[in-house]
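To start, the structure under review is shown below, and the notes come after it.
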Amino acid sequence: MRIGICDDEKEIRHTFAEKIRRIYPKAELEQYPSGEELLSADRMPDILLLDIRMPGRDGMETAKKLREKGGETVIIFVTALEDFVFQAFDVGAFHYLVKPFDDNKFREVLSRAVGQVEGRERAESTESRQEKPRLIVTAGGKHVSVNLEDIVYAEVFDRKVIVHTMDADIEYYGKMKELEKQAGEEFYRPHRAYLINFNYIVKYDASNIYLKRGQALMARQNYREFVQRYLRYNQRKGQE
């Protein structure tokens, strides 16, 4: 278990390191005095305590860059600022700790974050042993099989459904509604022409969803429901 602390104040980094060692003495600790040093590291931590107000690249921008790199680091913002709490959801933050807080609150949040990391590792181990749900279509006169979890997004164009994975684009004649029904809760249809996989979201706004590969349109009337569904998805993943 790798736990990182990113704060420009050395004393604060050492204080959090001591707290963590008392709770998880076997954890591997990494300290970063800036967002730039964190982002240039060879390995990202499993859990990151991240300050917001830092010189240079602040904590929120650091978190956005971290997500763009595709990391699954569990981010806990630790700050005296309450103004950024809603932006924290945009980068998939696990929690937003506002100073001052007591040791019991810190222990509670950190233990939940550790539980999420360990749960994800167990789920990945289980999934590797289970048969994954697949989409089977006819494309170019051939039968093609695709793991549903590998689909980044799908779009409708000229009566065809185009399925995009990280390394392929598959076109077939079909209906988006049928794919949506088969895909399940991991997916959402933000626009009549698009179906996206929550797992590949990098960032979003009221008009677009930016994915690890490509982007999809957001119908404005669906934005509120999308945000609610995405938050529930993140909470559900955290409990697995």
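We label chains A, B, ... in the order they appear in the structure tokens, count residues from 1 in each chain, and number ligands from 1 in the order shown.
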
Mind dumping a table of every segment 95-183 of chain A residue within 8 Å of segment 197-215 of chain A, with the nearest atom pair and its distance in Å to one decimal, using only C-alpha atoms, sorted by chain and rising number, as CSV?
```
residue,atom,partner,partner_atom,distance
A:Glu149,CA,A:Asn197,CA,7.8
A:Ile151,CA,A:Asn197,CA,6.7
A:Val152,CA,A:Asn197,CA,5.4
A:Tyr153,CA,A:Asn197,CA,5.8
A:Thr165,CA,A:Arg213,CA,7.9
A:Met166,CA,A:Arg213,CA,6.3
```

Checklist entry - Taking the backbone alone, and naming residues the way the document does, which bits of chain A are strand (DSSP E) by DSSP, as number ranges by chain? => result A: 2-6, 28-32, 47-50, 74-79, 95-98, 134-139, 142-147, 153-157, 160-164, 169-173, 187-191, 194-197, 201-204, 208-211, 215-217

Checklist entry - Hey, can you check how far atom CA of Lys65 of chain A sits from atom CA of His95 of chain A? => result 18.0 Å

Checklist entry - Within 10 Å of Lys64 of chain A, counting only C-alpha atoms, which residues qualify if same-chain residues fewer than 3 places away don't, as a list in words? => result Gly59, Met60, Glu61, Arg67, Glu68, Lys69, Ala88, Asp90, Val91, Gly92, Val202 and Lys203 of chain A
